[in-house]
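A short write-up of the structure that comes next.
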Amino acid sequence: MDIETPALSANERIKAASNLLRGTIAEGLTWAETGGIADDDQQVTKFHGIYLQDDRDLRAERGKQKMEKAFIFMARMRIPSGILTPAQWLAAEQVARDRGNGTLRLTTRQTIQFHGIIKSNLRPAIQEMHAAMLDTIAACGDVNRNVIASVDPWRPTGHAAVTALAEGIADNLLPHSRAWHEIWLGEERVAGGPEEDEPIYGRTYLPRKFKIGIALPPHNDVDVFAQDLSFIAIEENGAVVGYNVVVGGGMGMTHGEPETYPRAGDVIGFCTPDNAVDVAEKVVTVQRDHGNRSNRKAARLKYTIDRMGLDRFVAELSVRLATPLEPARAYAFTGTGDRLGWSEDGRHFTVFIENGRVHDVGDRRLLTGLHKIAELNVGRFIITPNQSLVLADIPADRRPVVQALLRRHGLDGAVSALRANAVACVAMPTCGLALAESERYLPELVTRLETVLEQHGLREREITIRMTGCPNGCARPYMAEIGLVGRSPGLYNLYLGGAHDGSRLSKLHRTDVDGDAIVAELTPLIAAYATQRQADEAFGDFVIRAGIVRRTVAGLDFHDNVAPQARN
Ligand code: SRM
Ligand code: SF4
């Protein structure tokens with residue numbers, strides 16, 4: 001083998017051999033002797049929005065009994081901008097009840113995941129989604145993922161612009177392969193038709209996943225600096241006149257491997273609305289041609305840019321663009337969170353959904369309450385990138401009944417500002433990569449921190465806190481003012497100092513801390529913040545100004561897992 005050319009990664013072989021994403025999935029679905037599917041097909045189904053998982057709560061016991069893992073599938077839908085009709089919400093809920101574990105999981109990319117689907121239920125689940133004009137195509141895999149956009153229906157012109165762009169980009173970057181339709185819906189292949197092709201991706205798709213977000217300032221709910229590619233809407237006289245283009249954001253890293261790191265994206269210019277879909281396509285093609293196909297840990301666009309250098313990357317992009325980028329325009333963000341409750345104009349209600357899990361627990365009967373509201377068949381259900389839900393465009397004459405249903409099902413209760421700004425990834429028991437709890441643990445930790453904040457009169461102070469069960473960063477913890485990243489059961493790395501508006505990465509502050517140590521560490525910082533902060537100073541800015549996060553962590557260099565652009 002030529003030593004100059006590193007071998008392609010196993011996934012490249014799998015993609016090339018998959019016959020445009022078919023693999024042997026259809027055959028695997030017929031295997032009665034296992035709840036799983038073939039190893040290679042587990043990679044291919046991701047392009048269809050489907051992951052093979054197992055219930056990790058049962059793993060040890062089943063292992064002892066020499067039983068196969070408790071295989072279950074997770075299916076993730078593709079919902080650009082997170083917008084559903086009430087009928088689609090009801091259909092999704094029915095799929096969850098009949099085919100999954102009875103819960104819906106709203107994600108940080110504005111879509112819904114179904115957990116706990118056994119193999120025999122997969123096809124029916126997908127067909128039921130399809131009957132409601134929903135699908136799971138390209139929700140995972142080495143392709144453009146669900147395109148996310150700011151959820152600001154109270155600014156209808158701007159919101160319509162960013163959601164239309166999300167739709168346009170999502171359509172343009174959708175794989176052309178009919179594999180999904182054939183495998184899940186039973187569509188026949190047309191004999192003698194033109195040969196199938198992937199005009200944008202090519203037959204081996206992208207080197208790695210690719211993520212796009214579109215923000216409507218001052219709202220940075222989509223975390224533009226955490227996406228491979230983002231568009232920041234620029235408004236003039238109430239109309240969106242174009243977008244600043246941001247490239248090279250990304251969260252994932254691996255503990256102990258400093259060559260992997262979270263990276264905040266760079267603003268590289270401005271494009272008009274007419275050119276934005278072309279910009280997205282051409283950024284994707286640069287990544288297609290220059291991304292690392294040997295080492296998946298170095299394959300995201302952020303690494304391509306750091307390897308090429310931003311100037312060379314922009315030069316390469318410029319050659320491909322139909323219209324050159326213009327200089328970036330001024331913009332300002334204020335925060336990443338959702339504003340809960342009724343909007344000022346009384347037309348929209350944001351329902352707080354803790355960590356995106358829609359279920360009936362105690363007095364908060366989310367599943368039933370949202371079912372009843374969807375049955376009214378008014379407005380739109382819009383999933384937010386913070387895993388909550390906006391009931392948008394409620395007609396004036398239905399607001400009293402919506403309010404009554406919210407109240408009856410415990411969906412309009414107040415939550416503290418910290419809880420409202422808390423995001424946790426799924427982690428245990430379904431995520432195969434989780435090293436620690438997240439969704440099942442963050443609520444408890446927030447309760448403890450609420451007590452501390454209340455003692456210092458800070459219950460209403462907005463502070464972002466995000467937790468993940470491993471360093472992959474699915475809740476974008478490195479963008480939070482307080483970030484907690486799982487290391488092992490019960491232990492987390494504590495990151496501090498992200499900007500409240502999502503414009504700056506946080507820094508590693510403490511390693512391997514448990515819940516008690518996290519509370520003990522944060523308590524004096526919160527006390528100091530209460531008395532020493534400057535007017536309107538956010539917690540993330542305060543800990544930087546006060547020099548709190550510049551301590552050295554024992555055994556780890558301060559710069560570990562830090563993007564080159566952030567090394568100072
Ligand atoms: Fe994620 C893998 C859940 C948003 C970075 N993510 C996974 C998997 C599929 C685990 C796996 O590969 O086996 C998780 C499934 C858990 C489960 O049981 O449901 C998972 N990711 C999620 C969700 C559901 C978190 C949530 O609680 O909302 C989010 C679904 C998004 C969606 O609807 O499409 C989710 N993941 C993110 C984000 C945030 C974002 O996209 O804005 C990130 C960080 C941004 C980024 O990509 O850099 C993220 N997920 C990852 C990574 C690390 C990628 C990397 O570059 O290193 C992995 C692992 C991988 O790809 O190898 C991963
Ligand atoms: Fe799983 Fe890690 Fe993502 Fe959490 S951050 S869902 S533990 S991959």
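Numbering starts fresh at 1 for the residues of each chain in the structure tokens, the chains themselves are lettered A, B, ... in the order given, and ligands are numbered from 1 as they appear.
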
All strand (DSSP E or B) positions in range 110-243 of chain A, as a PyMOL selection string: chain A and resi 112-117+144+148-149+210+212-216+219+229-236+239-243

Could you report the residues within 8 Å of ligand 2, using only C-alpha atoms and all ligand atoms, as a PyMOL selection string? chain A and resi 424-428+431-438+468-475+485-486

Just-selected residues, all heavy atoms written as a compact mmCIF listing (two decimals), in the first residue's frame:
# COMPACT_ATOMS: atom_id res chain seq x y z
N ALA A 424 -30.21 18.59 28.53
CA ALA A 424 -29.43 17.36 28.73
C ALA A 424 -29.63 16.45 27.53
O ALA A 424 -30.72 16.41 26.95
CB ALA A 424 -29.88 16.64 30.00
N CYS A 425 -28.59 15.73 27.17
CA CYS A 425 -28.73 14.74 26.10
C CYS A 425 -29.44 13.51 26.65
O CYS A 425 -29.64 13.38 27.85
CB CYS A 425 -27.36 14.38 25.56
SG CYS A 425 -26.43 13.32 26.68
N VAL A 426 -29.73 12.56 25.77
CA VAL A 426 -30.46 11.36 26.18
C VAL A 426 -29.63 10.49 27.14
O VAL A 426 -30.08 10.14 28.23
CB VAL A 426 -30.83 10.51 24.93
CG1 VAL A 426 -31.54 9.24 25.35
CG2 VAL A 426 -31.69 11.31 23.96
N ALA A 427 -28.44 10.13 26.72
CA ALA A 427 -27.55 9.22 27.49
C ALA A 427 -28.24 7.91 27.87
O ALA A 427 -28.89 7.29 27.03
CB ALA A 427 -26.97 9.95 28.69
N MET A 428 -28.15 7.50 29.14
CA MET A 428 -28.70 6.21 29.57
C MET A 428 -30.22 6.25 29.54
O MET A 428 -30.80 7.29 29.83
CB MET A 428 -28.23 5.89 30.98
CG MET A 428 -26.73 5.73 31.12
SD MET A 428 -26.14 4.26 30.29
CE MET A 428 -26.60 3.02 31.49
N CYS A 431 -28.56 5.33 24.84
CA CYS A 431 -27.39 5.71 24.06
C CYS A 431 -26.22 4.77 24.32
O CYS A 431 -25.74 4.67 25.46
CB CYS A 431 -26.96 7.15 24.38
SG CYS A 431 -25.52 7.61 23.41
N GLY A 432 -25.75 4.16 23.27
CA GLY A 432 -24.66 3.20 23.40
C GLY A 432 -23.33 3.85 23.75
O GLY A 432 -22.38 3.16 24.14
N LEU A 433 -23.23 5.17 23.62
CA LEU A 433 -21.96 5.85 23.87
C LEU A 433 -21.90 6.52 25.24
O LEU A 433 -20.86 7.05 25.62
CB LEU A 433 -21.73 6.91 22.77
CG LEU A 433 -21.83 6.39 21.33
CD1 LEU A 433 -21.65 7.53 20.33
CD2 LEU A 433 -20.78 5.32 21.08
N ALA A 434 -23.00 6.46 26.00
CA ALA A 434 -23.04 7.17 27.29
C ALA A 434 -22.05 6.57 28.28
O ALA A 434 -21.97 5.36 28.46
CB ALA A 434 -24.46 7.12 27.86
N LEU A 435 -21.31 7.47 28.95
CA LEU A 435 -20.41 7.06 30.02
C LEU A 435 -21.03 7.37 31.38
O LEU A 435 -20.60 6.86 32.41
CB LEU A 435 -19.07 7.83 29.91
CG LEU A 435 -18.35 7.75 28.55
CD1 LEU A 435 -17.18 8.72 28.51
CD2 LEU A 435 -17.88 6.32 28.30
N ALA A 436 -22.02 8.27 31.37
CA ALA A 436 -22.68 8.70 32.62
C ALA A 436 -24.12 9.07 32.28
O ALA A 436 -24.47 9.24 31.12
CB ALA A 436 -21.95 9.92 33.20
N GLU A 437 -24.93 9.20 33.32
CA GLU A 437 -26.32 9.63 33.13
C GLU A 437 -26.35 11.08 32.67
O GLU A 437 -25.44 11.87 32.98
CB GLU A 437 -27.08 9.55 34.47
CG GLU A 437 -27.27 8.17 35.02
CD GLU A 437 -28.40 7.39 34.34
OE1 GLU A 437 -29.13 7.98 33.51
OE2 GLU A 437 -28.53 6.18 34.63
N SER A 438 -27.44 11.47 32.02
CA SER A 438 -27.62 12.88 31.68
C SER A 438 -29.09 13.26 31.83
O SER A 438 -29.46 13.92 32.80
CB SER A 438 -27.10 13.14 30.26
OG SER A 438 -27.18 14.50 29.97
N THR A 468 -24.02 16.40 29.22
CA THR A 468 -24.01 15.24 28.31
C THR A 468 -23.39 14.05 29.01
O THR A 468 -22.54 14.21 29.89
CB THR A 468 -23.22 15.54 27.01
OG1 THR A 468 -21.91 15.97 27.36
CG2 THR A 468 -23.91 16.58 26.17
N GLY A 469 -23.80 12.88 28.58
CA GLY A 469 -23.29 11.65 29.19
C GLY A 469 -21.95 11.22 28.65
O GLY A 469 -21.37 10.24 29.12
N CYS A 470 -21.43 11.93 27.67
CA CYS A 470 -20.10 11.63 27.11
C CYS A 470 -19.62 12.88 26.39
O CYS A 470 -20.37 13.85 26.24
CB CYS A 470 -20.18 10.42 26.18
SG CYS A 470 -20.68 10.81 24.50
N PRO A 471 -18.37 12.88 25.90
CA PRO A 471 -17.85 14.13 25.32
C PRO A 471 -18.35 14.46 23.92
O PRO A 471 -17.91 15.45 23.34
CB PRO A 471 -16.33 13.90 25.33
CG PRO A 471 -16.14 12.43 25.35
CD PRO A 471 -17.33 11.85 26.06
N ASN A 472 -19.25 13.65 23.35
CA ASN A 472 -19.71 13.94 21.99
C ASN A 472 -20.45 15.26 21.86
O ASN A 472 -20.53 15.85 20.79
CB ASN A 472 -20.58 12.80 21.47
CG ASN A 472 -19.73 11.63 21.02
OD1 ASN A 472 -18.67 11.82 20.43
ND2 ASN A 472 -20.17 10.42 21.31
N GLY A 473 -21.05 15.69 22.97
CA GLY A 473 -21.57 17.07 22.97
C GLY A 473 -22.97 17.26 22.40
O GLY A 473 -23.30 18.34 21.89
N CYS A 474 -23.84 16.26 22.54
CA CYS A 474 -25.17 16.34 21.90
C CYS A 474 -26.05 17.44 22.46
O CYS A 474 -26.98 17.89 21.80
CB CYS A 474 -25.87 14.99 22.00
SG CYS A 474 -25.00 13.68 21.13
N ALA A 475 -25.79 17.89 23.68
CA ALA A 475 -26.55 19.02 24.25
C ALA A 475 -25.76 20.33 24.09
O ALA A 475 -26.09 21.33 24.71
CB ALA A 475 -26.87 18.76 25.72
N VAL A 485 -19.84 17.25 31.42
CA VAL A 485 -19.59 16.24 30.39
C VAL A 485 -19.21 14.93 31.05
O VAL A 485 -18.21 14.87 31.79
CB VAL A 485 -18.46 16.74 29.44
CG1 VAL A 485 -18.10 15.67 28.44
CG2 VAL A 485 -18.91 18.01 28.72
N GLY A 486 -19.98 13.89 30.80
CA GLY A 486 -19.79 12.61 31.47
C GLY A 486 -18.42 11.99 31.23
O GLY A 486 -17.89 12.02 30.11

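Nearest-residue note for ligand 1: choosing from A:Asp197, A:Glu257, A:Glu182, A:Glu128, the minimum distance belongs to A:Glu257, counting only C-alpha atoms and all ligand atoms.
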
Leaving out Pro564 in chain A and any residue of its chain fewer than 5 positions from it, which residues lie within 10 Å of it when counting only C-alpha atoms, given as a VMD selection string? chain A and resid 259 261 263 306 559

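Interatomic distance, CA of Ala480 in chain A to CA of Ile465 in chain A: 5.7 Å.
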
Within 12 Å of Thr384 in chain A, counting only C-alpha atoms, which residues qualify if same-chain residues fewer than 2 places away don't, as a ChimeraX atom specification? /A:79-84,106-112,148-153,219-223,336-340,350-353,355-356,381-382,386-392,423

Given the selection you just returned, output its residues as a file containing C-alpha atoms, formatted as a PDB file, in the first residue's frame.
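What follows is the written file out-v2.pdb:
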ATOM      1  CA  ILE A  79     -38.375  17.904  10.413  1.00  0.00           C
ATOM      2  CA  PRO A  80     -36.721  21.028   8.940  1.00  0.00           C
ATOM      3  CA  SER A  81     -37.223  23.950  11.374  1.00  0.00           C
ATOM      4  CA  GLY A  82     -39.088  21.568  13.706  1.00  0.00           C
ATOM      5  CA  ILE A  83     -42.540  22.487  12.363  1.00  0.00           C
ATOM      6  CA  LEU A  84     -45.406  19.979  12.575  1.00  0.00           C
ATOM      7  CA  LEU A 106     -37.729  16.136  21.313  1.00  0.00           C
ATOM      8  CA  THR A 107     -34.121  16.713  20.317  1.00  0.00           C
ATOM      9  CA  THR A 108     -31.593  19.535  20.215  1.00  0.00           C
ATOM     10  CA  ARG A 109     -32.018  19.504  16.438  1.00  0.00           C
ATOM     11  CA  GLN A 110     -35.750  20.228  16.488  1.00  0.00           C
ATOM     12  CA  THR A 111     -36.942  16.785  15.723  1.00  0.00           C
ATOM     13  CA  ILE A 112     -38.496  13.764  17.422  1.00  0.00           C
ATOM     14  CA  ILE A 148     -32.570  23.817  12.257  1.00  0.00           C
ATOM     15  CA  ALA A 149     -33.903  27.359  12.362  1.00  0.00           C
ATOM     16  CA  SER A 150     -34.776  29.888  15.060  1.00  0.00           C
ATOM     17  CA  VAL A 151     -38.230  29.509  16.560  1.00  0.00           C
ATOM     18  CA  ASP A 152     -39.605  33.034  16.593  1.00  0.00           C
ATOM     19  CA  PRO A 153     -43.164  32.839  15.253  1.00  0.00           C
ATOM     20  CA  HIS A 219     -32.089  34.793  19.131  1.00  0.00           C
ATOM     21  CA  ASN A 220     -29.250  32.269  18.913  1.00  0.00           C
ATOM     22  CA  ASP A 221     -31.363  29.257  19.886  1.00  0.00           C
ATOM     23  CA  VAL A 222     -29.792  27.252  17.054  1.00  0.00           C
ATOM     24  CA  ASP A 223     -26.283  27.816  18.444  1.00  0.00           C
ATOM     25  CA  THR A 336     -29.796  30.932  23.274  1.00  0.00           C
ATOM     26  CA  GLY A 337     -32.845  30.110  25.412  1.00  0.00           C
ATOM     27  CA  ASP A 338     -36.576  29.879  24.818  1.00  0.00           C
ATOM     28  CA  ARG A 339     -39.012  32.327  26.386  1.00  0.00           C
ATOM     29  CA  LEU A 340     -41.579  30.181  28.098  1.00  0.00           C
ATOM     30  CA  THR A 350     -43.940  27.884  24.666  1.00  0.00           C
ATOM     31  CA  VAL A 351     -44.314  24.693  26.677  1.00  0.00           C
ATOM     32  CA  PHE A 352     -41.325  23.768  28.831  1.00  0.00           C
ATOM     33  CA  ILE A 353     -40.442  20.137  28.214  1.00  0.00           C
ATOM     34  CA  ASN A 355     -34.915  17.542  28.415  1.00  0.00           C
ATOM     35  CA  GLY A 356     -37.385  17.024  25.598  1.00  0.00           C
ATOM     36  CA  PHE A 381     -46.364  22.597  16.852  1.00  0.00           C
ATOM     37  CA  ILE A 382     -42.777  23.862  16.615  1.00  0.00           C
ATOM     38  CA  ASN A 386     -33.679  23.602  23.399  1.00  0.00           C
ATOM     39  CA  GLN A 387     -35.949  20.520  23.248  1.00  0.00           C
ATOM     40  CA  SER A 388     -39.136  22.421  24.114  1.00  0.00           C
ATOM     41  CA  LEU A 389     -42.263  23.099  22.079  1.00  0.00           C
ATOM     42  CA  VAL A 390     -43.977  26.233  20.824  1.00  0.00           C
ATOM     43  CA  LEU A 391     -47.713  26.053  20.187  1.00  0.00           C
ATOM     44  CA  ALA A 392     -47.769  28.699  17.481  1.00  0.00           C
ATOM     45  CA  VAL A 423     -30.473  20.998  28.338  1.00  0.00           C
TER      46      VAL A 423
END

So that I can see what lies close to Ala10 in chain A, please list as a count of residues only the residues with an atom at most 12 Å from it, counting only C-alpha atoms and leaving out residues fewer than 3 positions away in the same chain. 15
